[in-house]
file my_file23.cif (mmCIF, C-alpha atoms)
data_run
#
loop_
_atom_site.label_atom_id
_atom_site.label_comp_id
_atom_site.auth_asym_id
_atom_site.auth_seq_id
_atom_site.Cartn_x
_atom_site.Cartn_y
_atom_site.Cartn_z
CA MET A 117 168.98 36.95 64.69
CA THR A 118 169.99 33.31 64.44
CA GLU A 119 172.37 34.05 61.58
CA ILE A 120 174.02 36.89 63.50
CA LYS A 121 174.51 34.65 66.52
CA GLN A 122 176.04 32.01 64.27
CA ASP A 123 178.42 34.59 62.79
CA PHE A 124 179.54 35.54 66.29
CA GLU A 125 179.92 31.88 67.21
CA ASN A 126 182.02 31.20 64.11
CA ILE A 127 184.59 33.78 65.23
CA LYS A 128 185.36 31.61 68.25
CA PHE A 129 186.14 28.69 65.95
CA GLU A 130 188.43 30.49 63.53
CA GLN A 131 191.96 29.19 63.18
CA PRO A 132 193.89 30.35 66.27
CA VAL A 133 196.42 32.48 64.37
CA TYR A 134 193.59 34.29 62.54
CA GLN A 135 191.98 35.09 65.87
CA LEU A 136 195.23 36.65 67.07
CA VAL A 137 195.92 38.77 63.98
CA GLY A 138 192.24 39.71 63.73
CA GLU A 139 190.00 40.52 66.67
CA LYS A 140 192.58 40.03 69.43
CA ASN A 141 195.01 42.37 67.66
CA LYS A 142 192.40 45.11 67.27
CA GLN A 143 191.22 44.67 70.85
CA LEU A 144 194.75 45.47 72.04
CA ASN A 145 195.71 48.18 69.57
CA VAL A 146 192.56 50.12 68.61
CA VAL A 147 190.33 52.57 70.47
CA PRO A 148 187.36 52.42 70.48
CA PHE A 149 186.81 48.70 70.06
CA VAL A 150 183.83 46.51 70.96
CA PRO A 151 184.70 42.80 71.26
CA THR A 152 182.46 40.19 69.70
CA SER A 153 181.86 38.59 73.11
CA LEU A 154 180.18 41.79 74.34
CA LEU A 155 178.07 42.11 71.19
CA GLU A 156 177.00 38.52 71.66
CA GLN A 157 175.85 39.24 75.20
CA LEU A 158 173.94 42.37 74.16
CA LEU A 159 172.27 40.61 71.25
CA ASP A 160 170.07 38.61 73.63
CA GLN A 161 168.64 41.87 74.96
CA VAL A 162 167.58 43.18 71.55
CA THR A 163 163.89 42.94 70.65
CA ILE A 164 162.04 43.25 67.35
CA GLU A 165 160.70 46.60 68.58
CA ASP A 166 164.26 47.82 69.17
CA VAL A 167 165.23 46.88 65.61
CA GLN A 168 162.19 48.64 64.17
CA LYS A 169 162.95 51.85 66.08
CA HIS A 170 166.55 51.70 64.96
CA ILE A 171 165.52 51.34 61.32
CA GLU A 172 163.35 54.45 61.61
CA THR A 173 166.12 56.59 63.13
CA VAL A 174 169.39 55.11 61.87
CA PHE A 175 169.88 57.81 59.19
CA SER A 176 168.43 60.73 61.13
CA ALA A 177 171.98 61.96 61.65
CA ALA A 178 174.84 60.58 59.61
CA TYR A 179 178.45 60.99 58.61
CA PHE A 180 179.28 59.29 55.35
CA LYS A 181 182.08 59.11 52.80
CA MET A 182 181.45 58.47 49.15
CA LEU A 183 183.68 57.68 46.18
CA VAL A 184 182.20 58.33 42.76
CA VAL A 185 183.91 56.21 40.13
CA GLY A 186 183.50 56.56 36.37
CA ASN A 187 183.41 59.20 33.66
CA PHE A 188 182.03 61.97 35.85
CA LYS A 189 182.90 65.63 36.05
CA PRO A 190 183.50 67.07 39.55
CA ALA A 191 180.12 68.82 39.52
CA GLU A 192 178.39 65.56 38.61
CA ALA A 193 180.15 63.73 41.46
CA VAL A 194 179.01 66.41 43.93
CA ASP A 195 175.49 66.17 42.52
CA ALA A 196 175.50 62.39 43.08
CA ALA A 197 176.55 62.92 46.71
CA GLN A 198 173.78 65.50 47.13
CA GLN A 199 171.24 63.04 45.81
CA VAL A 200 172.36 60.41 48.31
CA ASN A 201 172.14 62.95 51.11
CA GLN A 202 168.63 63.99 50.04
CA MET A 203 167.53 60.36 49.91
CA LEU A 204 168.85 59.73 53.41
CA LYS A 205 167.37 62.99 54.75
CA SER A 206 170.13 63.05 57.34
CA GLN A 207 171.29 65.83 59.59
CA PRO A 208 175.06 66.13 60.18
CA LEU A 209 176.26 63.70 62.80
CA PRO A 210 177.44 65.59 65.92
CA ALA A 211 181.20 65.54 66.39
CA HIS A 212 180.90 63.77 69.76
CA SER A 213 179.03 60.91 68.06
CA HIS A 214 181.65 60.40 65.39
CA VAL A 215 184.69 58.92 67.09
CA PRO A 216 187.42 57.87 64.63
CA SER A 217 189.56 54.88 65.50
CA ARG A 218 192.95 55.61 67.03
CA MET A 219 195.91 53.35 67.65
CA VAL A 220 197.20 52.74 71.16
CA ASN A 221 200.77 54.03 71.58
CA ILE A 222 202.18 51.12 73.58
CA GLU A 223 205.16 52.27 75.58
CA PRO A 224 208.53 50.52 75.26
CA GLY A 225 208.75 47.13 76.90
CA HIS A 226 208.10 43.45 76.29
CA TYR A 227 204.56 42.24 76.95
CA ILE A 228 202.69 38.92 76.91
CA TYR A 229 199.04 38.92 75.82
CA GLN A 230 197.41 35.54 76.56
CA HIS A 231 194.14 33.92 75.52
CA MET A 232 192.49 30.53 75.94
CA GLY A 233 190.87 28.94 72.90
CA GLU A 234 187.14 28.23 73.06
CA ASP A 235 187.01 25.43 70.49
CA PRO A 236 187.28 22.15 72.48
CA ASN A 237 188.27 20.25 69.33
CA MET A 238 191.13 22.54 68.30
CA LEU A 239 194.50 21.02 69.17
CA ASN A 240 196.65 23.82 67.75
CA ASN A 241 198.15 26.71 69.67
CA ALA A 242 199.21 29.97 68.03
CA VAL A 243 201.56 32.87 68.70
CA VAL A 244 202.18 36.24 67.07
CA ALA A 245 205.29 38.21 68.05
CA THR A 246 204.55 41.85 67.19
CA PHE A 247 207.35 44.40 66.94
CA TYR A 248 206.38 48.09 66.85
CA CYS A 249 208.56 49.91 64.37
CA GLY A 250 208.51 53.17 62.37
CA MET A 251 205.57 55.46 61.68
CA VAL A 252 202.96 54.56 59.08
CA THR A 253 202.91 58.19 57.90
CA ASN A 254 206.59 58.06 56.93
CA PRO A 255 207.11 56.75 53.34
CA THR A 256 210.71 55.74 54.06
CA ASP A 257 209.65 53.72 57.10
CA ARG A 258 206.89 52.02 55.09
CA THR A 259 209.14 51.02 52.21
CA THR A 260 212.06 49.96 54.40
CA MET A 261 209.71 47.83 56.49
CA ALA A 262 208.23 46.29 53.33
CA LEU A 263 211.69 45.20 52.21
CA LEU A 264 212.63 43.93 55.67
CA SER A 265 209.39 41.96 55.87
CA GLN A 266 209.94 40.41 52.46
CA ILE A 267 213.45 39.23 53.35
CA ALA A 268 212.42 38.02 56.81
CA LYS A 269 209.31 36.11 55.78
CA ASP A 270 211.14 33.83 53.36
CA GLN A 271 213.86 33.03 55.90
CA PHE A 272 211.31 32.69 58.71
CA PHE A 273 209.14 30.26 56.75
CA ASP A 274 212.14 28.20 55.68
CA GLN A 275 213.46 27.86 59.25
CA LEU A 276 210.28 27.38 61.29
CA ARG A 277 208.01 25.70 58.75
CA THR A 278 210.27 23.77 56.38
CA LYS A 279 213.14 22.80 58.69
CA GLU A 280 211.53 22.68 62.13
CA GLN A 281 208.01 21.78 60.94
CA LEU A 282 206.33 23.74 63.71
CA GLY A 283 203.04 24.06 61.83
CA TYR A 284 201.34 24.91 58.55
CA ASN A 285 200.50 28.50 59.40
CA VAL A 286 203.91 30.16 59.59
CA GLY A 287 204.66 33.63 58.31
CA ALA A 288 205.95 37.15 58.79
CA SER A 289 204.26 40.31 57.53
CA THR A 290 203.82 44.00 58.16
CA ASN A 291 200.67 45.53 59.58
CA SER A 292 199.42 49.04 60.28
CA PHE A 293 196.39 51.13 61.05
CA SER A 294 195.45 54.55 59.66
CA SER A 295 197.82 56.28 62.05
CA GLY A 296 200.43 55.17 64.52
CA LYS A 297 203.24 52.69 64.19
CA LEU A 298 204.05 50.03 61.66
CA THR A 299 204.39 46.51 63.02
CA LEU A 300 206.29 43.42 61.98
CA ASP A 301 204.32 40.32 62.92
CA MET A 302 205.93 36.88 63.16
CA MET A 303 203.31 34.17 63.54
CA VAL A 304 203.26 30.42 64.07
CA GLN A 305 200.38 28.00 64.59
CA GLY A 306 201.08 24.43 65.63
CA GLU A 307 200.65 21.78 68.30
CA SER A 308 203.72 22.87 70.30
CA ASN A 309 203.09 24.96 73.40
CA PRO A 310 203.14 28.76 72.79
CA THR A 311 206.12 29.31 75.10
CA TYR A 312 208.20 26.94 72.99
CA LEU A 313 206.98 28.54 69.74
CA LEU A 314 208.03 31.97 70.97
CA GLN A 315 211.40 30.61 72.06
CA ARG A 316 211.92 29.40 68.49
CA ILE A 317 210.99 32.84 67.19
CA ASP A 318 213.54 34.30 69.61
CA SER A 319 216.13 31.90 68.25
CA PHE A 320 215.37 33.08 64.70
CA ILE A 321 215.65 36.72 65.73
CA HIS A 322 218.92 36.01 67.51
CA GLY A 323 220.53 34.84 64.27
CA PHE A 324 218.73 36.91 61.64
CA ARG A 325 220.93 39.99 61.89
CA GLN A 326 223.83 38.02 60.44
CA THR A 327 221.54 36.98 57.60
CA LEU A 328 220.96 40.65 56.79
CA VAL A 329 224.67 41.42 57.02
CA GLU A 330 225.46 38.65 54.55
CA PHE A 331 222.45 39.24 52.28
CA ASP A 332 223.47 39.40 48.63
CA THR A 333 223.24 42.94 47.25
CA VAL A 334 222.31 41.63 43.80
CA LYS A 335 219.33 39.80 45.31
CA PHE A 336 218.40 42.91 47.25
CA ASP A 337 218.41 45.07 44.12
CA ALA A 338 216.30 42.46 42.34
CA LEU A 339 213.83 42.48 45.26
CA VAL A 340 213.52 46.27 45.08
CA GLU A 341 213.01 46.09 41.32
CA SER A 342 210.34 43.44 41.76
CA ILE A 343 208.36 45.49 44.29
CA VAL A 344 208.68 48.66 42.20
CA GLY A 345 207.52 46.76 39.12
CA LYS A 346 204.48 45.43 40.93
CA ALA A 347 203.61 48.88 42.24
CA ASN A 348 203.86 50.33 38.73
CA GLU A 349 201.69 47.68 37.13
CA GLN A 350 198.88 49.07 35.01
CA LEU A 351 195.53 48.81 36.75
CA THR A 352 193.32 46.35 34.91
CA SER A 353 189.87 47.31 36.17
CA VAL A 354 187.86 50.14 37.65
CA ASP A 355 187.38 48.03 40.79
CA THR A 356 191.11 47.83 41.52
CA GLU A 357 191.53 51.55 40.90
CA ALA A 358 188.60 52.35 43.18
CA SER A 359 190.01 50.07 45.87
CA ARG A 360 193.37 51.83 45.71
CA MET A 361 191.69 55.24 46.00
CA TRP A 362 189.33 54.19 48.78
CA THR A 363 192.07 53.26 51.24
CA PRO A 364 193.36 56.84 51.80
CA ILE A 365 189.74 58.04 51.92
CA GLU A 366 188.82 55.51 54.59
CA GLU A 367 191.97 56.33 56.55
CA ALA A 368 191.28 60.08 56.23
CA THR A 369 194.76 60.85 54.89
CA TYR A 370 193.52 61.55 51.33
CA ASP A 371 197.07 60.83 50.25
CA PHE A 372 196.42 59.73 46.69
CA ALA A 373 200.10 60.12 45.84
CA GLN A 374 201.12 57.60 48.52
CA LEU A 375 202.01 54.86 46.04
CA ALA A 376 204.13 57.21 43.93
CA ASP A 377 205.93 58.42 47.07
CA GLU A 378 206.62 54.83 48.11
CA VAL A 379 208.04 53.96 44.68
CA GLU A 380 210.34 56.99 44.86
CA SER A 381 211.39 56.03 48.38
CA LEU A 382 211.98 52.38 47.40
CA GLN A 383 214.49 53.41 44.78
CA LYS A 384 216.52 55.20 47.45
CA VAL A 385 216.51 52.47 50.12
CA ARG A 386 219.72 50.50 50.55
CA LEU A 387 220.45 47.27 52.37
CA ASP A 388 222.15 49.25 55.15
CA ASP A 389 218.83 51.05 55.74
CA VAL A 390 217.08 47.71 56.25
CA LEU A 391 219.77 46.61 58.70
CA ASP A 392 219.44 49.93 60.53
CA MET A 393 215.67 49.44 60.91
CA TRP A 394 216.26 45.96 62.29
CA ASP A 395 218.69 47.32 64.87
CA ARG A 396 216.53 50.32 65.81
CA TYR A 397 213.30 48.43 66.41
CA ILE A 398 213.58 44.63 66.40
CA ASN A 399 217.02 43.62 67.64
CA PRO A 400 216.65 43.48 71.46
CA GLU A 401 220.39 44.02 71.88
CA THR A 402 220.37 47.41 70.15
CA ALA A 403 216.81 48.80 70.07
CA VAL A 404 216.61 51.76 72.45
CA ALA A 405 212.79 51.83 72.48
CA TYR A 406 212.23 48.08 72.07
CA THR A 407 208.48 47.50 72.00
CA ARG A 408 207.11 43.99 71.54
CA VAL A 409 203.90 42.12 72.33
CA ASP A 410 203.80 38.31 72.29
CA SER A 411 200.18 37.30 71.68
CA GLN A 412 199.40 33.69 72.61
CA LEU A 413 196.32 31.57 72.06
CA TRP A 414 196.41 28.29 73.97
CA ALA A 415 194.28 25.35 72.85
CA ALA A 416 191.33 24.70 75.16
CA LYS A 417 192.85 21.42 76.37
CA ALA A 418 196.40 22.74 76.71
CA SER A 419 198.19 23.04 80.05
CA TYR A 420 197.96 26.81 80.58
CA PRO A 421 200.80 28.27 82.69
CA SER A 422 199.76 29.83 85.99
CA ALA A 423 200.85 33.30 87.10
CA THR A 424 202.91 31.68 89.85
CA ASN A 425 204.80 29.52 87.38
CA MET A 426 205.45 32.46 85.04
CA THR A 427 206.86 34.58 87.85
CA THR A 428 208.93 31.73 89.30
CA TRP A 429 210.43 29.79 86.41
CA PRO A 430 212.29 30.93 83.28
CA GLU A 431 210.47 30.61 79.97
CA SER A 432 213.01 28.05 78.81
CA ILE A 433 211.98 25.74 81.67
CA LEU A 434 208.27 26.24 80.93
CA ALA A 435 208.84 25.57 77.22
CA LEU A 436 210.78 22.37 77.90
CA ALA A 437 208.18 21.19 80.42
CA GLY A 438 205.43 21.73 77.83
CA CYS A 439 207.32 19.69 75.23
CA LEU A 440 207.93 16.87 77.72
CA GLU A 441 204.29 16.78 78.83
CA SER A 442 203.20 16.62 75.19
CA GLU A 443 205.39 13.53 74.60
CA THR A 444 205.08 11.72 77.94
CA HIS A 445 201.44 12.65 78.64
CA MET A 446 202.47 13.13 82.25
CA PRO A 447 202.78 16.28 84.39
CA VAL A 448 206.30 17.59 84.86
CA ASP A 449 207.49 18.93 88.20
CA LEU A 450 209.08 22.29 87.36
CA SER A 451 211.31 22.26 90.43
CA ASP A 452 212.73 18.85 89.48
CA LEU A 453 213.19 19.94 85.86
CA SER A 454 214.99 23.11 86.92
CA HIS A 455 217.29 21.05 89.16
CA PHE A 456 218.02 18.74 86.24
CA ILE A 457 218.99 21.70 84.01
CA ASN A 458 221.20 23.18 86.71
CA THR A 459 223.11 19.91 87.09
CA ALA A 460 223.28 19.04 83.36
CA PHE A 461 225.26 22.02 82.16
CA MET A 462 228.52 20.05 82.41
CA GLN A 463 227.22 17.35 80.07
CA THR A 464 227.24 17.35 76.30
CA SER A 465 223.95 18.00 74.57
CA ALA A 466 223.62 14.31 73.59
CA ASP A 467 224.37 13.06 77.12
CA ALA A 468 221.94 15.56 78.66
CA LEU A 469 219.22 14.46 76.23
CA ALA A 470 219.82 10.79 77.06
CA SER A 471 219.63 11.58 80.79
CA LEU A 472 216.43 13.51 80.21
CA ALA A 473 214.91 10.57 78.34
CA ARG A 474 215.68 8.24 81.25
CA GLN A 475 214.09 10.65 83.71
CA TYR A 476 211.03 11.23 81.54
CA PRO A 477 210.45 7.97 79.65
CA VAL A 478 207.96 7.63 76.81
CA ALA A 479 206.49 4.58 75.14
CA ASN A 480 209.09 4.62 72.38
CA SER A 481 212.08 6.16 74.12
CA THR A 482 214.45 4.54 71.61
CA GLN A 483 213.63 7.52 69.36
CA VAL A 484 215.22 9.90 71.80
CA LEU A 485 218.39 10.36 69.79
CA ASP A 486 216.60 10.15 66.43
CA GLU A 487 216.64 13.63 64.90
CA THR A 488 213.77 12.59 62.58
CA ALA A 489 211.43 11.96 65.50
CA SER A 490 209.59 15.29 65.58
CA GLY A 491 208.60 15.18 69.25
CA TRP A 492 212.09 14.47 70.54
CA SER A 493 213.58 16.88 68.02
CA LYS A 494 211.57 19.64 69.70
CA ILE A 495 212.59 18.40 73.15
CA LYS A 496 216.24 18.50 72.07
CA LYS A 497 215.87 22.12 70.90
CA ALA A 498 213.99 23.05 74.08
CA LEU A 499 216.72 21.40 76.15
CA ASP A 500 219.45 23.25 74.27
CA MET A 501 217.63 26.55 74.86
CA ALA A 502 217.26 25.79 78.57
CA MET A 503 220.94 24.90 78.91
CA ASN A 504 222.18 27.77 76.71
CA PRO A 505 219.67 30.61 77.06
CA HIS A 506 220.24 33.72 74.96
CA ASN A 507 217.38 35.84 76.27
CA GLN A 508 218.28 39.50 75.99
CA PRO A 509 217.58 42.22 78.57
CA VAL A 510 214.15 43.79 78.24
CA VAL A 511 213.99 47.55 77.81
CA GLN A 512 211.60 48.94 80.40
CA ASP A 513 210.49 52.23 81.82
CA SER A 514 211.64 52.06 85.44
CA ASN A 515 208.86 54.48 86.42
CA THR A 516 206.14 52.13 85.15
CA ASN A 517 204.77 49.50 87.48
CA PHE A 518 201.80 47.68 85.98
CA ALA A 519 201.35 45.58 89.11
CA TYR A 520 198.86 48.16 90.37
CA ILE A 521 196.41 47.08 87.63
CA GLY A 522 196.90 43.37 88.33
CA MET A 523 199.65 42.58 85.81
CA HIS A 524 202.65 40.46 86.75
CA GLN A 525 206.16 40.02 85.42
CA THR A 526 207.90 36.91 84.17
CA VAL A 527 211.38 35.96 85.35
CA GLU A 528 212.72 37.70 82.23
CA GLY A 529 210.91 40.94 83.15
CA LYS A 530 208.07 40.75 80.61
CA TRP A 531 204.74 42.17 81.71
CA VAL A 532 201.75 39.81 81.35
CA ILE A 533 198.59 41.67 80.29
CA THR A 534 195.77 40.28 82.44
CA ASP A 535 193.07 42.86 81.64
CA VAL A 536 193.45 44.43 78.21
CA ASP A 537 191.05 47.31 78.91
CA LYS A 538 192.90 48.34 82.07
CA PHE A 539 196.21 48.12 80.22
CA LYS A 540 194.96 50.28 77.34
CA ALA A 541 193.71 52.86 79.83
CA THR A 542 197.30 53.38 81.01
CA GLN A 543 198.60 54.04 77.50
CA ALA A 544 198.61 57.17 75.35
CA LEU A 545 196.96 57.22 71.94
CA HIS A 546 198.45 58.11 68.60
CA GLY A 547 197.03 61.18 66.93
CA LEU A 548 194.47 61.08 64.14
CA ALA A 549 195.57 60.94 60.54
CA VAL A 550 196.21 64.41 59.07
CA PRO A 551 194.91 65.01 55.51
CA VAL A 552 197.76 65.74 53.13
CA ILE A 553 195.54 67.79 50.81
CA LYS A 554 193.18 70.67 51.45
CA LEU A 555 189.62 69.40 51.75
CA ILE A 556 186.72 71.22 50.11
CA PRO A 557 184.21 72.40 52.75
CA ASN A 558 181.01 70.39 52.98
CA THR A 559 178.19 72.27 51.27
CA LEU A 560 175.76 69.42 50.84
CA THR A 561 173.40 70.47 53.63
CA LYS A 562 173.42 74.19 52.87
#
call {"tool": "encode", "arguments": {"input": "my_file23.cif", "output": "structure tokens"}}
result
Amino acid sequence: MTEIKQDFENIKFEQPVYQLVGEKNKQLNVVPFVPTSLLEQLLDQVTIEDVQKHIETVFSAAYFKMLVVGNFKPAEAVDAAQQVNQMLKSQPLPAHSHVPSRMVNIEPGHYIYQHMGEDPNMLNNAVVATFYCGMVTNPTDRTTMALLSQIAKDQFFDQLRTKEQLGYNVGASTNSFSSGKLTLDMMVQGESNPTYLLQRIDSFIHGFRQTLVEFDTVKFDALVESIVGKANEQLTSVDTEASRMWTPIEEATYDFAQLADEVESLQKVRLDDVLDMWDRYINPETAVAYTRVDSQLWAAKASYPSATNMTTWPESILALAGCLESETHMPVDLSDLSHFINTAFMQTSADALASLARQYPVANSTQVLDETASGWSKIKKALDMAMNPHNQPVVQDSNTNFAYIGMHQTVEGKWVITDVDKFKATQALHGLAVPVIKLIPNTLTK
């Protein structure tokens, strides 16, 4: 019991970005889902007698999947499954007790999903900007997204990690569940406030389309060839082959030709297809069904923005205020800061930064114009974003008003998820995965 409690406790102290892409991501996107915090509460109610009773009945009714690997004939594999079933002495699990996981079909819009860190010693914040794209069941969508992710992650890392030095955990990758939509996740973990980190992601997105337009076709062809070559690599062990086969079994698609289909699709994808996917799903200026969730995990000691502030002040003001507070170690009056921005638009960027430094002095304010001073470099970027915002309109369903479940909107029109369970209850679910091959009827219990 002590070890289980410790395992639950360790989840709270994971790196912030891992918490967001792990449990927090599943809590938002998967049904059913039981959070660790609830399991931790219930654990205190479990007695030794409860465990003993559970041991005696746990296999009384069961639903299990089994992969037989090795030099077996089909009849021998079925015989092995029968032996397992006889050992378990299980009755078939009733359909109502076997509830497969399904992905939430989040409707178009831009959402903010906030969390407070529980580790008092963790100074880092983390954000994950998740863009919902094509369908996981579509080979062309999967391969196009894989190429887009590969191109984006290198550029993303170079800009936000190497050049801006926002943190060590910086990356972009695709994600998916057994059914539903593919996602492109852009993640950053660092000491800067989450609002600022997301503003920097927005800045990257704002300029990345031109990167795709100018991307060298020779490099693109080499990238495709590299991915195809990796997919066609000879398997070196039974374990790797079993792992590859188990995924479609676990996901209930039984699509054992998925890799071959993806290789065929990869060879047909062109750079224009990647650009089209960017415009259809990720570019806020062109995406008709733009769907994005900004997950944030604020450090326990961070200055967490109130609902009033988020509904009153633009994100650019909140981001700049967070950067200033981090450097000056003093609270920033948002009204005064907003007034400063409104009166500084006639100044050059350098003059505005100098004025800002005089209004919000720090111990070593001589570094204000030093681009190598990381703190003031961030303030300069935050100031530029506040003076020259390029936030794009948010695509929303005008018939949806989440205020009735306690959510509120930012100045930019983004909905802030305040109760994830209530939010999920308002959303439809994606269908279950459909097997691509005809399954042999179960005869093990006959």
call {"tool": "atom_distance", "arguments": {"input": "my_file23.cif", "atom1": "atom CA of Val379 of chain A", "atom2": "atom CA of Ala347 of chain A"}}
result
7.2 Å
call {"tool": "atom_distance", "arguments": {"input": "my_file23.cif", "atom1": "atom CA of Ala437 of chain A", "atom2": "atom CA of Ser471 of chain A"}}
result
15.0 Å
call {"tool": "residues_near_point", "arguments": {"input": "my_file23.cif", "point": "(195.7, 52.4, 82.9)", "cutoff": "12 Å", "atoms": "all atoms listed in the file", "output": "PyMOL selection string"}}
result
chain A and resi 220+222-223+516-523+533+535-544
call {"tool": "atom_distance", "arguments": {"input": "my_file23.cif", "atom1": "atom CA of Ala376 of chain A", "atom2": "atom CA of Val354 of chain A"}}
result
18.8 Å
call {"tool": "closest_residue", "arguments": {"input": "my_file23.cif", "among": "A:Ser308, A:Thr290, A:Gln525, A:Asn126", "to": "Ser493 of chain A", "atoms": "all atoms listed in the file"}}
result
A:Ser308
call {"tool": "resolve_selection", "arguments": {"input": "my_file23.cif", "expression": "the PyMOL selection byres ((chain A and resi 548) around 7)", "output": "compact mmCIF listing (two decimals) with C-alpha atoms, keeping the file's coordinate frame"}}
result
# COMPACT_ATOMS: atom_id res chain seq x y z
CA ARG A 218 192.95 55.61 67.03
CA SER A 295 197.82 56.28 62.05
CA HIS A 546 198.45 58.11 68.60
CA GLY A 547 197.03 61.18 66.93
CA ALA A 549 195.57 60.94 60.54
CA VAL A 550 196.21 64.41 59.07
call {"tool": "residues_around", "arguments": {"input": "my_file23.cif", "residues": "Leu136 of chain A", "least_positions_apart": "2", "cutoff": "9 Å", "atoms": "only C-alpha atoms", "output": "PDB file with C-alpha atoms, keeping the file's coordinate frame"}}
result
ATOM      1  CA  PRO A 132     193.890  30.350  66.270  1.00  0.00           C
ATOM      2  CA  VAL A 133     196.420  32.480  64.370  1.00  0.00           C
ATOM      3  CA  TYR A 134     193.590  34.290  62.540  1.00  0.00           C
ATOM      4  CA  GLY A 138     192.240  39.710  63.730  1.00  0.00           C
ATOM      5  CA  GLU A 139     190.000  40.520  66.670  1.00  0.00           C
ATOM      6  CA  LYS A 140     192.580  40.030  69.430  1.00  0.00           C
ATOM      7  CA  ASN A 141     195.010  42.370  67.660  1.00  0.00           C
ATOM      8  CA  LYS A 142     192.400  45.110  67.270  1.00  0.00           C
ATOM      9  CA  HIS A 231     194.140  33.920  75.520  1.00  0.00           C
ATOM     10  CA  ALA A 242     199.210  29.970  68.030  1.00  0.00           C
ATOM     11  CA  VAL A 243     201.560  32.870  68.700  1.00  0.00           C
ATOM     12  CA  VAL A 244     202.180  36.240  67.070  1.00  0.00           C
ATOM     13  CA  SER A 411     200.180  37.300  71.680  1.00  0.00           C
ATOM     14  CA  GLN A 412     199.400  33.690  72.610  1.00  0.00           C
ATOM     15  CA  LEU A 413     196.320  31.570  72.060  1.00  0.00           C
TER      16      LEU A 413
END
call {"tool": "resolve_selection", "arguments": {"input": "my_file23.cif", "expression": "the PyMOL selection byres ((chain A and resi 202-205) around 10)", "output": "number ranges by chain"}}
result
A: 174-178, 196-201, 206-208, 560-561
call {"tool": "write_last_selection", "arguments": {"input": "my_file23.cif", "atoms": "C-alpha atoms", "output": "compact mmCIF listing (two decimals), in the frame of the given file"}}
result
# COMPACT_ATOMS: atom_id res chain seq x y z
CA VAL A 174 169.39 55.11 61.87
CA PHE A 175 169.88 57.81 59.19
CA SER A 176 168.43 60.73 61.13
CA ALA A 177 171.98 61.96 61.65
CA ALA A 178 174.84 60.58 59.61
CA ALA A 196 175.50 62.39 43.08
CA ALA A 197 176.55 62.92 46.71
CA GLN A 198 173.78 65.50 47.13
CA GLN A 199 171.24 63.04 45.81
CA VAL A 200 172.36 60.41 48.31
CA ASN A 201 172.14 62.95 51.11
CA SER A 206 170.13 63.05 57.34
CA GLN A 207 171.29 65.83 59.59
CA PRO A 208 175.06 66.13 60.18
CA LEU A 560 175.76 69.42 50.84
CA THR A 561 173.40 70.47 53.63
call {"tool": "closest_atom_pairs", "arguments": {"input": "my_file23.cif", "of": "segment 396-480 of chain A", "to": "segment 261-282 of chain A", "cutoff": "12 Å", "atoms": "only C-alpha atoms", "output": "tab-separated table"}}
result
residue	atom	partner	partner_atom	distance
A:Arg396	CA	A:Met261	CA	11.8
A:Tyr397	CA	A:Met261	CA	10.6
A:Ile398	CA	A:Leu264	CA	10.8
call {"tool": "residues_around", "arguments": {"input": "my_file23.cif", "residues": "Asn425 of chain A", "least_positions_apart": "6", "cutoff": "12 Å", "atoms": "only C-alpha atoms", "output": "PyMOL selection string"}}
result
chain A and resi 419+431-435+437+449-451+524-527
call {"tool": "closest_residue", "arguments": {"input": "my_file23.cif", "among": "A:Pro421, A:Pro148, A:Pro236, A:Gly186", "to": "Pro216 of chain A", "atoms": "only C-alpha atoms"}}
result
A:Pro148
call {"tool": "resolve_selection", "arguments": {"input": "my_file23.cif", "expression": "the PyMOL selection byres ((chain A and resi 368-372) around 6)", "output": "MDAnalysis selection string"}}
result
chainID A and resid 364:367 373:374 549:552
